[in-house]
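Chemist: Sharing upload16.txt, compact mmCIF, C-alpha atoms:
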```txt
# COMPACT_ATOMS: atom_id res chain seq x y z
CA MET A 22 0.00 0.00 0.00
CA PRO A 23 1.43 3.45 -0.91
CA ARG A 24 2.98 5.27 2.06
CA ALA A 25 1.13 8.44 3.05
CA GLY A 26 2.83 11.57 1.71
CA LEU A 27 4.71 9.75 -1.05
CA SER A 28 3.74 9.94 -4.68
CA ALA A 29 5.46 9.04 -7.91
CA GLU A 30 5.73 12.72 -8.84
CA ARG A 31 7.35 13.64 -5.53
CA LEU A 32 9.72 10.71 -5.71
CA ILE A 33 10.88 11.52 -9.24
CA GLY A 34 11.33 15.18 -8.42
CA GLU A 35 13.47 14.32 -5.42
CA ALA A 36 15.37 11.70 -7.40
CA ALA A 37 16.19 14.34 -10.02
CA GLU A 38 17.55 16.61 -7.28
CA LEU A 39 19.59 13.70 -5.96
CA ALA A 40 20.99 13.07 -9.43
CA ASP A 41 22.19 16.67 -9.63
CA GLU A 42 23.85 16.34 -6.24
CA VAL A 43 25.56 12.95 -6.44
CA GLY A 44 25.43 11.95 -10.11
CA PHE A 45 22.79 10.18 -12.15
CA GLU A 46 24.49 6.78 -11.96
CA GLN A 47 24.36 6.91 -8.17
CA VAL A 48 20.58 7.22 -8.07
CA THR A 49 18.93 3.96 -7.04
CA VAL A 50 15.75 3.02 -5.23
CA SER A 51 17.87 2.33 -2.13
CA ALA A 52 19.50 5.76 -2.28
CA LEU A 53 16.12 7.41 -2.72
CA ALA A 54 14.68 5.49 0.22
CA ARG A 55 17.54 6.68 2.41
CA ARG A 56 16.84 10.26 1.34
CA PHE A 57 13.23 9.95 2.48
CA GLY A 58 14.14 7.97 5.58
CA VAL A 59 11.89 5.08 4.62
CA ARG A 60 12.33 1.42 3.83
CA VAL A 61 13.03 0.44 0.23
CA ALA A 62 9.83 -1.61 0.19
CA SER A 63 7.84 1.59 0.75
CA LEU A 64 8.85 2.86 -2.69
CA TYR A 65 7.88 -0.19 -4.69
CA SER A 66 4.24 0.86 -4.64
CA HIS A 67 5.34 3.70 -6.95
CA LEU A 68 8.43 2.33 -8.74
CA ASP A 69 9.36 -0.94 -10.43
CA GLY A 70 13.05 -0.68 -9.63
CA SER A 71 16.12 1.41 -10.36
CA HIS A 72 15.73 1.14 -14.15
CA ASP A 73 12.17 2.45 -13.91
CA LEU A 74 13.39 5.23 -11.60
CA ARG A 75 16.15 6.29 -13.99
CA THR A 76 13.79 6.14 -16.94
CA ARG A 77 11.37 8.48 -15.21
CA ILE A 78 14.17 10.90 -14.34
CA ALA A 79 15.20 10.81 -18.00
CA LEU A 80 11.66 11.61 -19.11
CA LEU A 81 11.46 14.50 -16.65
CA ALA A 82 14.80 15.88 -17.86
CA LEU A 83 13.79 15.66 -21.51
CA GLU A 84 10.55 17.47 -20.78
CA GLU A 85 12.29 20.23 -18.83
CA LEU A 86 14.98 20.70 -21.47
CA THR A 87 12.45 20.74 -24.29
CA ASP A 88 10.16 23.20 -22.54
CA ARG A 89 13.09 25.55 -21.98
CA ALA A 90 14.15 25.29 -25.61
CA ALA A 91 10.62 25.90 -26.89
CA ALA A 92 10.28 29.02 -24.73
CA GLU A 93 13.62 30.44 -25.88
CA LEU A 94 13.05 29.65 -29.56
CA ALA A 95 9.69 31.41 -29.76
CA GLY A 96 9.93 34.18 -32.34
CA ARG A 97 13.55 33.44 -33.25
CA ALA A 98 15.04 32.18 -36.50
CA GLY A 99 18.43 31.61 -38.10
CA ARG A 100 21.46 32.57 -36.01
CA ASP A 101 19.35 33.83 -33.10
CA ALA A 102 17.53 30.51 -32.90
CA LEU A 103 20.77 28.52 -33.08
CA VAL A 104 22.35 30.56 -30.27
CA ALA A 105 19.21 30.25 -28.13
CA PHE A 106 19.00 26.48 -28.64
CA ALA A 107 22.69 25.97 -27.94
CA ASP A 108 22.66 28.11 -24.82
CA VAL A 109 19.62 26.33 -23.39
CA TYR A 110 21.43 23.04 -23.89
CA ARG A 111 24.62 24.20 -22.15
CA ASP A 112 22.86 26.09 -19.37
CA TYR A 113 20.65 23.14 -18.51
CA ALA A 114 23.66 20.82 -18.33
CA ARG A 115 25.57 23.22 -16.09
CA GLN A 116 22.62 23.88 -13.78
CA HIS A 117 21.42 20.27 -13.65
CA PRO A 118 24.34 17.92 -14.42
CA GLY A 119 22.54 14.85 -13.09
CA ARG A 120 19.38 15.57 -15.03
CA TYR A 121 21.44 16.28 -18.14
CA ALA A 122 23.10 12.89 -17.80
CA ALA A 123 19.64 11.39 -17.39
CA SER A 124 18.50 12.98 -20.65
CA ARG A 125 21.10 10.77 -22.40
CA TYR A 126 19.78 7.58 -20.77
CA ARG A 127 18.88 4.93 -23.32
CA LEU A 128 15.12 4.47 -23.53
CA ASP A 129 13.29 1.61 -25.16
CA PRO A 130 11.83 2.55 -28.56
CA GLU A 131 8.22 2.82 -27.36
CA THR A 132 9.13 5.01 -24.40
CA ALA A 133 11.41 7.18 -26.51
CA ALA A 134 8.71 7.69 -29.13
CA ALA A 135 6.29 8.97 -26.48
CA SER A 136 8.86 11.19 -24.75
CA ALA A 137 9.60 14.91 -25.07
CA GLY A 138 12.76 13.88 -26.91
CA VAL A 139 10.72 13.74 -30.11
CA ARG A 140 9.62 17.35 -29.64
CA HIS A 141 13.19 18.34 -28.80
CA ALA A 142 14.41 16.86 -32.08
CA ARG A 143 11.69 18.72 -33.97
CA LEU A 144 12.77 21.97 -32.37
CA LEU A 145 16.34 21.46 -33.58
CA ARG A 146 15.07 20.69 -37.07
CA SER A 147 13.00 23.87 -36.96
CA VAL A 148 16.22 25.78 -36.26
CA LEU A 149 17.81 24.21 -39.32
CA ARG A 150 14.90 25.16 -41.55
CA GLY A 151 16.09 28.73 -41.07
CA TYR A 152 19.24 27.71 -42.92
CA ASP A 153 17.38 26.03 -45.79
CA ILE A 154 18.92 22.63 -45.05
CA THR A 155 16.54 19.79 -45.86
CA GLY A 156 16.32 16.06 -46.44
CA ASP A 157 19.29 13.87 -45.57
CA GLU A 158 21.48 16.95 -45.27
CA GLN A 159 19.30 18.17 -42.43
CA THR A 160 19.81 14.86 -40.62
CA HIS A 161 23.57 15.20 -41.08
CA ALA A 162 23.39 18.70 -39.63
CA VAL A 163 21.30 17.53 -36.67
CA ARG A 164 23.89 14.87 -35.88
CA LEU A 165 26.73 17.35 -36.23
CA LEU A 166 25.13 19.85 -33.85
CA GLY A 167 24.19 17.16 -31.34
CA SER A 168 27.75 15.82 -31.37
CA VAL A 169 29.32 19.25 -30.89
CA PHE A 170 26.90 20.35 -28.16
CA HIS A 171 27.09 17.11 -26.19
CA GLY A 172 30.82 16.71 -26.64
CA TYR A 173 31.63 20.24 -25.51
CA VAL A 174 29.24 20.21 -22.57
CA SER A 175 30.47 16.82 -21.38
CA LEU A 176 34.11 17.90 -21.47
CA GLU A 177 33.25 21.15 -19.74
CA LEU A 178 31.37 19.38 -16.95
CA GLU A 179 34.37 17.12 -16.41
CA GLY A 180 36.63 20.17 -16.00
CA GLY A 181 38.34 19.67 -19.33
CA PHE A 182 38.56 23.41 -20.06
CA SER A 183 39.12 24.74 -16.56
CA HIS A 184 42.91 25.03 -16.66
CA SER A 185 43.49 27.07 -19.78
CA ALA A 186 42.53 30.37 -21.39
CA PRO A 187 40.34 31.68 -22.87
CA ASP A 188 37.32 31.07 -20.66
CA SER A 189 35.16 28.14 -21.79
CA GLY A 190 32.18 30.47 -22.21
CA ARG A 191 34.10 32.48 -24.80
CA SER A 192 35.04 29.31 -26.65
CA TRP A 193 31.40 28.19 -26.58
CA ALA A 194 30.22 31.47 -28.11
CA ARG A 195 32.90 31.25 -30.79
CA ILE A 196 32.03 27.64 -31.61
CA VAL A 197 28.35 28.50 -32.03
CA GLU A 198 29.37 31.41 -34.26
CA VAL A 199 31.42 29.05 -36.42
CA LEU A 200 28.52 26.58 -36.57
CA ASP A 201 26.27 29.38 -37.77
CA ALA A 202 28.75 30.21 -40.55
CA LEU A 203 28.95 26.55 -41.54
CA LEU A 204 25.17 26.15 -41.64
CA ARG A 205 24.79 29.30 -43.75
CA ASN A 206 27.30 27.87 -46.20
CA TRP A 207 26.36 24.21 -45.97
CA PRO A 208 28.14 22.40 -48.83
CA ASP A 209 26.21 20.48 -51.44
CA ALA A 210 26.33 16.73 -51.04
CA ALA A 211 29.23 15.19 -52.94
CA GLN A 212 28.06 13.41 -56.06
CA PRO A 213 29.37 9.90 -56.76
CA ASP A 214 32.36 9.89 -59.10
CA ALA A 215 31.03 8.62 -62.43
CA SER A 216 34.36 6.94 -63.10
CA GLN A 217 33.91 4.85 -59.96
CA GLN A 218 30.37 3.72 -60.71
CA GLY A 219 30.06 0.15 -61.83
CA SER A 220 33.62 -0.67 -60.83
```
The structure given in the file should be rewritten as structure tokens.

Modeler:
Amino acid sequence: MPRAGLSAERLIGEAAELADEVGFEQVTVSALARRFGVRVASLYSHLDGSHDLRTRIALLALEELTDRAAAELAGRAGRDALVAFADVYRDYARQHPGRYAASRYRLDPETAAASAGVRHARLLRSVLRGYDITGDEQTHAVRLLGSVFHGYVSLELEGGFSHSAPDSGRSWARIVEVLDALLRNWPDAAQPDASQQGS
């Protein structure tokens, strides 16, 4: 029977806070029970285990990140939209490192398809429409941006840029500026060499 005062929403919210404090990988049902000062069994009326707990934190993080991006992108296009999207991504990771890690948690296909991650991907594609990049080229651009954003943020969170100048924030701004220039001058897809066809 569910313990009075506990709910799935409260548990997930507290678990997300715990993730930010100690790291996403350290969040388990046992750790959450200790935080509430209850027995582990008390939580199983709301959770199916640590995988279910981490999945729910991931879904919360994706929703928060997507809502922030949607709010910042409203009325923006082109470079302004790219900067806004990129900064939301970095700011969220810096403010909520555990939640950010959760947003990268592998979800099963059905859960992923119903998550805010789908809306997040659409928002990034809407940014790219301002650069007139379509079709497969748009997918390439999405993967490029995702790789740069995640790679930079991950290294920054690990302290990879903390011992050298210039400040990592300046590098971030410059990188986004370079990405904007690249997207505005996105090269045409290379055509197969006719001399190589049929060989």

Chemist: May I ask which of the residues A:Val50, A:Val148, A:Val174, A:Ala186 is the closest one to Arg97 in chain A, counting all atoms listed in the file?

Modeler: A:Val148

Chemist: Given the choices A:Leu32, A:Leu27, A:Ile78, A:Leu166, which gets closest to Leu103 in chain A if the distance is worked out from all atoms listed in the file?

Modeler: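 For Leu103 in chain A, the nearest of the candidates is A:Leu166.
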
Chemist: Every residue with an atom at most 12 Å from (23.7, 15.8, -16.9) (file coordinates; only C-alpha atoms) is what I'm after, so could you write them as JSON, numbers by chain?

Modeler: {"A": [37, 38, 39, 40, 41, 42, 43, 44, 45, 46, 78, 79, 82, 83, 86, 110, 111, 112, 113, 114, 115, 116, 117, 118, 119, 120, 121, 122, 123, 124, 125, 126, 171, 174, 175, 176, 177, 178, 179]}

Chemist: Could you pull the residues within 7 Å of range 67-73 of chain A, counting only C-alpha atoms, minus those fewer than 5 positions along the same chain, as a PyMOL selection string?

Modeler: chain A and resi 28-29+49-50

Chemist: Find, counting only C-alpha atoms, the residue in A:Ala134, A:Val48, A:Leu128, A:Val104 that gets nearest to Ala90 in chain A.

Modeler: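 Among A:Ala134, A:Val48, A:Leu128, A:Val104, it is A:Val104 that comes nearest to Ala90 in chain A.
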
Chemist: In Å, rounded to a single decimal, give me how far CA of Thr76 in chain A is from CA of Gln159 in chain A.

Modeler: 28.7 Å

Chemist: Just how far from CA of Leu80 in chain A is CA of Ala105 in chain A, in Å to one decimal?

Modeler: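 So the two atoms, CA of Ala105 in chain A and CA of Leu80 in chain A, lie 22.0 Å apart.
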
Chemist: State, in Å with one decimal place, the distance from CA of His141 in chain A to CA of Asp201 in chain A.

Modeler: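 These two atoms are separated by 19.3 Å.
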
Chemist: For a quick check of understanding, using all atoms listed in the file, which of A:Ile33, A:Thr132, A:Ser66, A:Ala142 has the smallest distance to Leu53 in chain A?

Modeler: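 With all atoms listed in the file as the atom set, the closest residue is A:Ile33.
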
Chemist: Measuring between all atoms listed in the file, which one of A:Ala210, A:Arg143, A:Ala202, A:Ser185 shows the shortest distance to Asp157 in chain A?

Modeler: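 Of the candidates, the smallest distance to Asp157 in chain A is held by A:Ala210.
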
Chemist: My list of candidates is A:Val169, A:Leu74, A:Leu149, A:Ala62. Which is closest to Ala98 in chain A when distances are computed with only C-alpha atoms?

Modeler: A:Leu149

Chemist: Can you tell me, as a count of residues only, what residues are no more than 10 Å from Arg205 in chain A when counting only C-alpha atoms, ignoring any on the same chain fewer than 3 positions away?

Modeler: 12

Chemist: Emit as lines of an AutoDock Vina configuration file the padded axis-aligned box for all listed atoms of range 138-143 of chain A, 3 Å per side, with centre and edge lengths in Å to one decimal.

Modeler:
```
center_x = 12.0
center_y = 16.2
center_z = -30.4
size_x = 10.8
size_y = 11.0
size_z = 13.1
```

Chemist: Give me range 176-187 of chain A with all heavy atoms filled in, as an mmCIF file, in the coordinates of the input.

Modeler:
```
data_model
loop_
_atom_site.group_PDB
_atom_site.id
_atom_site.type_symbol
_atom_site.label_atom_id
_atom_site.label_comp_id
_atom_site.auth_asym_id
_atom_site.auth_seq_id
_atom_site.Cartn_x
_atom_site.Cartn_y
_atom_site.Cartn_z
ATOM 1 N N LEU A 176 32.735 17.571 -21.837
ATOM 2 C CA LEU A 176 34.110 17.900 -21.470
ATOM 3 C C LEU A 176 34.162 19.044 -20.468
ATOM 4 O O LEU A 176 34.957 19.028 -19.525
ATOM 5 C CB LEU A 176 34.911 18.266 -22.727
ATOM 6 C CG LEU A 176 35.251 17.102 -23.670
ATOM 7 C CD1 LEU A 176 35.800 17.637 -24.981
ATOM 8 C CD2 LEU A 176 36.260 16.162 -23.015
ATOM 9 N N GLU A 177 33.283 20.015 -20.654
ATOM 10 C CA GLU A 177 33.250 21.150 -19.740
ATOM 11 C C GLU A 177 32.834 20.715 -18.331
ATOM 12 O O GLU A 177 33.435 21.142 -17.334
ATOM 13 C CB GLU A 177 32.293 22.213 -20.268
ATOM 14 C CG GLU A 177 32.296 23.502 -19.467
ATOM 15 C CD GLU A 177 31.405 24.565 -20.075
ATOM 16 O OE1 GLU A 177 30.331 24.205 -20.633
ATOM 17 O OE2 GLU A 177 31.760 25.743 -19.991
ATOM 18 N N LEU A 178 31.825 19.857 -18.245
ATOM 19 C CA LEU A 178 31.370 19.380 -16.950
ATOM 20 C C LEU A 178 32.447 18.577 -16.236
ATOM 21 O O LEU A 178 32.507 18.553 -15.000
ATOM 22 C CB LEU A 178 30.103 18.533 -17.108
ATOM 23 C CG LEU A 178 28.825 19.272 -17.491
ATOM 24 C CD1 LEU A 178 27.690 18.288 -17.715
ATOM 25 C CD2 LEU A 178 28.441 20.297 -16.426
ATOM 26 N N GLU A 179 33.293 17.920 -16.992
ATOM 27 C CA GLU A 179 34.370 17.120 -16.410
ATOM 28 C C GLU A 179 35.601 17.961 -16.074
ATOM 29 O O GLU A 179 36.621 17.436 -15.614
ATOM 30 C CB GLU A 179 34.763 16.004 -17.387
ATOM 31 C CG GLU A 179 33.677 14.954 -17.569
ATOM 32 C CD GLU A 179 33.959 14.020 -18.731
ATOM 33 O OE1 GLU A 179 35.034 14.162 -19.368
ATOM 34 O OE2 GLU A 179 33.110 13.151 -19.009
ATOM 35 N N GLY A 180 35.509 19.282 -16.303
ATOM 36 C CA GLY A 180 36.630 20.170 -16.000
ATOM 37 C C GLY A 180 37.690 20.217 -17.067
ATOM 38 O O GLY A 180 38.800 20.706 -16.834
ATOM 39 N N GLY A 181 37.356 19.742 -18.260
ATOM 40 C CA GLY A 181 38.340 19.670 -19.330
ATOM 41 C C GLY A 181 38.867 20.999 -19.821
ATOM 42 O O GLY A 181 39.942 21.053 -20.430
ATOM 43 N N PHE A 182 38.126 22.093 -19.564
ATOM 44 C CA PHE A 182 38.560 23.410 -20.060
ATOM 45 C C PHE A 182 38.877 24.379 -18.924
ATOM 46 O O PHE A 182 38.987 25.580 -19.151
ATOM 47 C CB PHE A 182 37.462 24.012 -20.940
ATOM 48 C CG PHE A 182 36.978 23.105 -22.039
ATOM 49 C CD1 PHE A 182 35.623 22.907 -22.249
ATOM 50 C CD2 PHE A 182 37.871 22.443 -22.856
ATOM 51 C CE1 PHE A 182 35.167 22.077 -23.265
ATOM 52 C CE2 PHE A 182 37.432 21.603 -23.869
ATOM 53 C CZ PHE A 182 36.080 21.413 -24.077
ATOM 54 N N SER A 183 39.003 23.853 -17.727
ATOM 55 C CA SER A 183 39.120 24.740 -16.560
ATOM 56 C C SER A 183 40.537 25.211 -16.268
ATOM 57 O O SER A 183 40.737 26.043 -15.386
ATOM 58 C CB SER A 183 38.550 24.036 -15.325
ATOM 59 O OG SER A 183 39.260 22.835 -15.058
ATOM 60 N N HIS A 184 41.518 24.692 -16.984
ATOM 61 C CA HIS A 184 42.910 25.030 -16.660
ATOM 62 C C HIS A 184 43.620 25.774 -17.779
ATOM 63 O O HIS A 184 44.853 25.820 -17.808
ATOM 64 C CB HIS A 184 43.697 23.757 -16.320
ATOM 65 C CG HIS A 184 43.081 22.962 -15.216
ATOM 66 N ND1 HIS A 184 42.948 23.447 -13.931
ATOM 67 C CD2 HIS A 184 42.537 21.720 -15.199
ATOM 68 C CE1 HIS A 184 42.367 22.543 -13.167
ATOM 69 N NE2 HIS A 184 42.096 21.489 -13.915
ATOM 70 N N SER A 185 42.860 26.342 -18.690
ATOM 71 C CA SER A 185 43.490 27.070 -19.780
ATOM 72 C C SER A 185 42.602 28.228 -20.220
ATOM 73 O O SER A 185 41.397 28.236 -19.981
ATOM 74 C CB SER A 185 43.755 26.133 -20.972
ATOM 75 O OG SER A 185 42.540 25.589 -21.458
ATOM 76 N N ALA A 186 43.242 29.217 -20.849
ATOM 77 C CA ALA A 186 42.530 30.370 -21.390
ATOM 78 C C ALA A 186 42.358 30.149 -22.896
ATOM 79 O O ALA A 186 43.107 29.396 -23.514
ATOM 80 C CB ALA A 186 43.334 31.638 -21.118
ATOM 81 N N PRO A 187 41.326 30.794 -23.486
ATOM 82 C CA PRO A 187 40.340 31.680 -22.870
ATOM 83 C C PRO A 187 39.278 30.907 -22.091
ATOM 84 O O PRO A 187 39.253 29.673 -22.127
ATOM 85 C CB PRO A 187 39.727 32.398 -24.065
ATOM 86 C CG PRO A 187 39.826 31.400 -25.178
ATOM 87 C CD PRO A 187 41.143 30.691 -24.947
#
```
